[in-house]
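Structure data follow from coords.cif (mmCIF, C-alpha atoms):
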data_data
loop_
_atom_site.group_PDB
_atom_site.id
_atom_site.type_symbol
_atom_site.label_atom_id
_atom_site.label_comp_id
_atom_site.auth_asym_id
_atom_site.auth_seq_id
_atom_site.Cartn_x
_atom_site.Cartn_y
_atom_site.Cartn_z
ATOM 1 C CA GLN E 1 -5.258 -12.121 47.637
ATOM 2 C CA VAL E 2 -5.049 -9.433 45.041
ATOM 3 C CA GLN E 3 -3.619 -10.335 41.636
ATOM 4 C CA LEU E 4 -1.243 -7.898 39.945
ATOM 5 C CA VAL E 5 -0.292 -7.375 36.317
ATOM 6 C CA GLU E 6 2.425 -4.926 35.292
ATOM 7 C CA SER E 7 2.788 -3.246 31.928
ATOM 8 C CA GLY E 8 4.682 -0.412 30.300
ATOM 9 C CA GLY E 9 8.219 -1.720 30.311
ATOM 10 C CA GLY E 10 10.443 -1.585 27.272
ATOM 11 C CA LEU E 11 13.623 -0.278 25.717
ATOM 12 C CA VAL E 12 14.479 3.402 26.125
ATOM 13 C CA LEU E 13 17.515 5.597 25.596
ATOM 14 C CA ALA E 14 19.308 7.072 28.568
ATOM 15 C CA GLY E 15 17.589 10.283 29.605
ATOM 16 C CA GLY E 16 14.240 9.051 28.410
ATOM 17 C CA SER E 17 11.057 8.238 30.286
ATOM 18 C CA LEU E 18 8.724 5.333 30.829
ATOM 19 C CA ARG E 19 5.517 4.919 32.761
ATOM 20 C CA LEU E 20 4.846 1.580 34.354
ATOM 21 C CA SER E 21 1.347 0.507 35.335
ATOM 22 C CA CYS E 22 0.198 -2.219 37.667
ATOM 23 C CA ALA E 23 -3.435 -3.304 37.509
ATOM 24 C CA ALA E 24 -4.897 -5.079 40.508
ATOM 25 C CA SER E 25 -7.844 -7.446 40.641
ATOM 26 C CA GLY E 26 -9.464 -9.874 43.028
ATOM 27 C CA GLY E 27 -9.244 -7.758 46.138
ATOM 28 C CA ILE E 28 -10.153 -4.410 47.664
ATOM 29 C CA PHE E 29 -7.370 -2.329 46.181
ATOM 30 C CA SER E 30 -7.756 0.534 48.632
ATOM 31 C CA TRP E 31 -6.892 -1.809 51.520
ATOM 32 C CA TYR E 32 -3.396 -2.326 50.153
ATOM 33 C CA SER E 33 -0.211 -0.347 50.328
ATOM 34 C CA MET E 34 1.599 -0.747 47.040
ATOM 35 C CA GLY E 35 5.242 -0.884 46.094
ATOM 36 C CA TRP E 36 7.599 -1.173 43.179
ATOM 37 C CA PHE E 37 10.734 -3.278 43.285
ATOM 38 C CA ARG E 38 13.326 -4.112 40.682
ATOM 39 C CA GLN E 39 15.847 -6.825 40.059
ATOM 40 C CA ALA E 40 18.804 -6.455 37.754
ATOM 41 C CA PRO E 41 20.674 -9.475 36.402
ATOM 42 C CA GLU E 42 22.725 -11.205 39.104
ATOM 43 C CA LYS E 43 21.572 -8.719 41.730
ATOM 44 C CA GLU E 44 19.192 -8.862 44.665
ATOM 45 C CA ARG E 45 15.658 -7.536 44.347
ATOM 46 C CA GLU E 46 15.611 -3.973 45.635
ATOM 47 C CA PHE E 47 12.928 -1.592 46.809
ATOM 48 C CA VAL E 48 12.226 1.294 44.439
ATOM 49 C CA SER E 49 9.180 3.084 45.782
ATOM 50 C CA GLY E 50 6.112 2.651 47.947
ATOM 51 C CA ILE E 51 2.784 4.374 48.473
ATOM 52 C CA ASN E 52 0.212 4.128 51.215
ATOM 53 C CA ARG E 53 -3.424 3.146 50.785
ATOM 54 C CA GLY E 54 -4.750 6.626 50.073
ATOM 55 C CA GLY E 55 -1.808 7.817 48.017
ATOM 56 C CA GLY E 56 -0.832 10.682 50.265
ATOM 57 C CA ARG E 57 2.387 9.150 51.568
ATOM 58 C CA THR E 58 5.241 7.927 49.411
ATOM 59 C CA THR E 59 8.823 6.850 49.811
ATOM 60 C CA TYR E 60 11.661 6.273 47.370
ATOM 61 C CA ALA E 61 15.026 4.623 47.222
ATOM 62 C CA ASP E 62 17.825 7.174 47.181
ATOM 63 C CA SER E 63 18.878 5.976 43.741
ATOM 64 C CA VAL E 64 15.595 7.064 42.144
ATOM 65 C CA LYS E 65 14.602 10.022 44.310
ATOM 66 C CA GLY E 66 13.820 13.057 42.185
ATOM 67 C CA ARG E 67 13.524 10.993 38.999
ATOM 68 C CA PHE E 68 10.726 8.505 39.711
ATOM 69 C CA THR E 69 7.191 9.220 40.916
ATOM 70 C CA ILE E 70 4.777 6.669 42.298
ATOM 71 C CA SER E 71 1.041 7.294 42.230
ATOM 72 C CA ARG E 72 -2.180 5.359 42.408
ATOM 73 C CA ASP E 73 -5.764 5.599 41.204
ATOM 74 C CA ASN E 74 -7.970 3.632 43.565
ATOM 75 C CA ALA E 75 -10.962 4.073 41.260
ATOM 76 C CA LYS E 76 -9.015 2.235 38.548
ATOM 77 C CA ASN E 77 -7.301 -0.247 40.875
ATOM 78 C CA THR E 78 -3.980 0.782 39.409
ATOM 79 C CA VAL E 79 -0.615 1.961 40.677
ATOM 80 C CA TYR E 80 1.881 3.763 38.451
ATOM 81 C CA LEU E 81 5.576 4.435 38.379
ATOM 82 C CA GLN E 82 6.630 7.393 36.263
ATOM 83 C CA MET E 83 10.318 7.074 35.494
ATOM 84 C CA ASN E 84 12.171 10.089 34.112
ATOM 85 C CA SER E 85 15.830 10.769 33.353
ATOM 86 C CA LEU E 86 16.447 7.065 33.050
ATOM 87 C CA LYS E 87 19.964 5.739 33.397
ATOM 88 C CA PRO E 88 21.527 2.474 32.215
ATOM 89 C CA GLU E 89 21.736 1.383 35.859
ATOM 90 C CA ASP E 90 17.929 1.481 36.007
ATOM 91 C CA THR E 91 17.866 -1.547 33.721
ATOM 92 C CA ALA E 92 16.015 -4.327 35.532
ATOM 93 C CA VAL E 93 12.800 -6.272 35.732
ATOM 94 C CA TYR E 94 10.320 -4.144 37.631
ATOM 95 C CA TYR E 95 7.768 -5.743 39.920
ATOM 96 C CA CYS E 96 4.793 -4.286 41.691
ATOM 97 C CA ALA E 97 3.650 -5.678 45.001
ATOM 98 C CA ALA E 98 0.740 -5.322 47.397
ATOM 99 C CA ALA E 99 0.753 -5.319 51.196
ATOM 100 C CA LEU E 100 -2.518 -5.551 53.112
ATOM 101 C CA THR E 101 -2.636 -2.562 55.453
ATOM 102 C CA ARG E 102 -6.369 -2.224 55.950
ATOM 103 C CA PHE E 103 -6.090 -0.865 59.506
ATOM 104 C CA ARG E 104 -2.866 1.077 58.953
ATOM 105 C CA PRO E 105 -3.822 3.730 56.384
ATOM 106 C CA ASP E 106 -0.652 5.777 56.671
ATOM 107 C CA GLU E 107 1.794 2.933 56.359
ATOM 108 C CA VAL E 108 4.198 2.767 53.433
ATOM 109 C CA VAL E 109 5.722 -0.679 53.204
ATOM 110 C CA TRP E 110 9.295 -1.100 52.018
ATOM 111 C CA ARG E 111 10.377 -4.565 53.144
ATOM 112 C CA PRO E 112 9.826 -7.296 50.522
ATOM 113 C CA ASP E 113 8.782 -9.823 53.177
ATOM 114 C CA ASP E 114 5.853 -7.602 54.166
ATOM 115 C CA TYR E 115 4.319 -7.848 50.702
ATOM 116 C CA SER E 116 1.885 -10.691 50.100
ATOM 117 C CA SER E 117 1.174 -10.351 46.386
ATOM 118 C CA TRP E 118 3.561 -9.840 43.476
ATOM 119 C CA GLY E 119 3.176 -9.290 39.778
ATOM 120 C CA GLN E 120 5.087 -11.185 37.116
ATOM 121 C CA GLY E 121 7.367 -8.259 36.336
ATOM 122 C CA THR E 122 7.943 -6.036 33.335
ATOM 123 C CA PRO E 123 11.447 -5.559 31.883
ATOM 124 C CA VAL E 124 12.998 -2.144 31.488
ATOM 125 C CA THR E 125 16.163 -1.700 29.459
ATOM 126 C CA VAL E 126 17.939 1.645 29.327
ATOM 127 C CA SER E 127 20.608 1.917 26.661
ATOM 128 C CA SER E 128 23.417 4.447 26.734
#
Represent the structure contained in this file as structure tokens.
Amino acid sequence: QVQLVESGGGLVLAGGSLRLSCAASGGIFSWYSMGWFRQAPEKEREFVSGINRGGGRTTYADSVKGRFTISRDNAKNTVYLQMNSLKPEDTAVYYCAAALTRFRPDEVVWRPDDYSSWGQGTPVTVSS
């Protein structure tokens, strides 16, 4: 199982930007589709964005489409989430996750149950 560590969260004013990183270790990173989820206080964990093994296919939740960009660097075993035009409703703990899709290179995974590894989360607070 791959281990994941997120970083880059913090406090930002509305309209600002943050870049989250998720470093993977202990597995063959390029075998995994990667995703970002978030969980706000007293709310369910929700899908934010996903990317396939090679990085050529991505998907986004409607709430972040056009503002967030997911990318990955397989040479660095890292997935990123660039977050622009942040809003107070983006405040949450952000988690990255890995889904083994070794034989399904085009697959972008969006269901939480399909992810086998999770990071510990990094908090993002957007103040108005």
Q: On this file, the PyMOL selection byres ((chain E and resi 4) around 10) gives some set of residues; write that set as number ranges by chain.
A: E: 1-3, 5-6, 21-26, 77-79, 95-98, 117-121
Q | Å distance separating atom CA of E:Ser85 from atom CA of E:Lys43, one decimal place | A |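 Spanning atom CA of E:Ser85 to atom CA of E:Lys43 is a straight-line distance of 22.0 Å.
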Q: Tell me which residues the PyMOL selection byres ((chain E and resi 55-65) around 12) grabs here, as a ChimeraX atom specification.
A: /E:29-38,46-54,66-75,78-87,89-90,105-111
Skip E:Leu11 itself and residues of its chain fewer than 6 positions away, then list as a PDB file with C-alpha atoms, keeping the file's coordinate frame all residues within 8 Å of it, counting only C-alpha atoms.
ATOM      1  CA  VAL E 124      12.998  -2.144  31.488  1.00  0.00           C
ATOM      2  CA  THR E 125      16.163  -1.700  29.459  1.00  0.00           C
ATOM      3  CA  VAL E 126      17.939   1.645  29.327  1.00  0.00           C
ATOM      4  CA  SER E 127      20.608   1.917  26.661  1.00  0.00           C
TER       5      SER E 127
END
Q. Taking all atoms listed in the file into account, which of E:Pro112, E:Val93, E:Ile28, E:Ser128 comes nearest E:Pro41?
A. E:Val93
**Q.** Nearest candidate to E:Leu100 (options E:Tyr115, E:Gly8, E:Leu18, E:Leu13; using all atoms listed in the file)
**A.**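 Checking each of E:Tyr115, E:Gly8, E:Leu18, E:Leu13 against E:Leu100, counting all atoms listed in the file, the winner is E:Tyr115.
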Q. In Å, with one decimal, what is the gap from atom CA of E:Ala92 to atom CA of E:Gln39?
A. 5.2 Å
Q. Taking into account only C-alpha atoms, which residue in the set E:Pro88, E:Lys76, E:Thr122, E:Arg102 is nearest to E:Val12?
A. E:Pro88
Find the smallest box with edges along x, y and z containing every listed atom of stretch 87-97 of chain E, then add 3 Å on each side and report centre and edge lengths in Å to one decimal, as JSON.
{"center_x": 12.7, "center_y": -0.3, "center_z": 38.6, "size_x": 24.1, "size_y": 18.0, "size_z": 18.8}
Q. How many Å lie between atom CA of E:Ser7 and atom CA of E:Glu44, rounded to one decimal?
A. 21.5 Å
For stretch 41-55 of chain E, where the input has fewer atoms than it should, I would like N, CA and C atoms rebuilt and written as a short mmCIF file (atom, residue, chain, number, x, y, z; two decimals), keeping the file's coordinate frame.
data_model
loop_
_atom_site.label_atom_id
_atom_site.label_comp_id
_atom_site.auth_asym_id
_atom_site.auth_seq_id
_atom_site.Cartn_x
_atom_site.Cartn_y
_atom_site.Cartn_z
N PRO E 41 20.01 -8.18 36.53
CA PRO E 41 20.67 -9.48 36.40
C PRO E 41 21.76 -9.67 37.45
N GLU E 42 21.72 -10.80 38.11
CA GLU E 42 22.72 -11.20 39.10
C GLU E 42 22.75 -10.28 40.32
N LYS E 43 21.65 -9.58 40.55
CA LYS E 43 21.57 -8.72 41.73
C LYS E 43 20.33 -9.08 42.55
N GLU E 44 20.34 -8.64 43.80
CA GLU E 44 19.19 -8.86 44.66
C GLU E 44 18.04 -7.95 44.26
N ARG E 45 16.81 -8.40 44.57
CA ARG E 45 15.66 -7.54 44.35
C ARG E 45 15.76 -6.35 45.31
N GLU E 46 15.50 -5.16 44.80
CA GLU E 46 15.61 -3.97 45.64
C GLU E 46 14.34 -3.14 45.59
N PHE E 47 14.08 -2.49 46.69
CA PHE E 47 12.93 -1.59 46.81
C PHE E 47 13.18 -0.35 45.97
N VAL E 48 12.14 0.08 45.25
CA VAL E 48 12.23 1.29 44.44
C VAL E 48 11.36 2.40 45.04
N SER E 49 10.10 2.06 45.30
CA SER E 49 9.18 3.08 45.78
C SER E 49 7.96 2.42 46.39
N GLY E 50 7.32 3.14 47.33
CA GLY E 50 6.11 2.65 47.95
C GLY E 50 5.12 3.77 48.17
N ILE E 51 3.85 3.40 48.29
CA ILE E 51 2.78 4.37 48.47
C ILE E 51 1.74 3.78 49.41
N ASN E 52 1.18 4.63 50.26
CA ASN E 52 0.21 4.13 51.22
C ASN E 52 -1.15 3.94 50.57
N ARG E 53 -2.12 3.50 51.34
CA ARG E 53 -3.42 3.15 50.78
C ARG E 53 -4.09 4.31 50.07
N GLY E 54 -4.06 5.48 50.65
CA GLY E 54 -4.75 6.63 50.07
C GLY E 54 -3.94 7.39 49.05
N GLY E 55 -2.65 7.15 48.99
CA GLY E 55 -1.81 7.82 48.02
C GLY E 55 -1.13 9.08 48.52
#
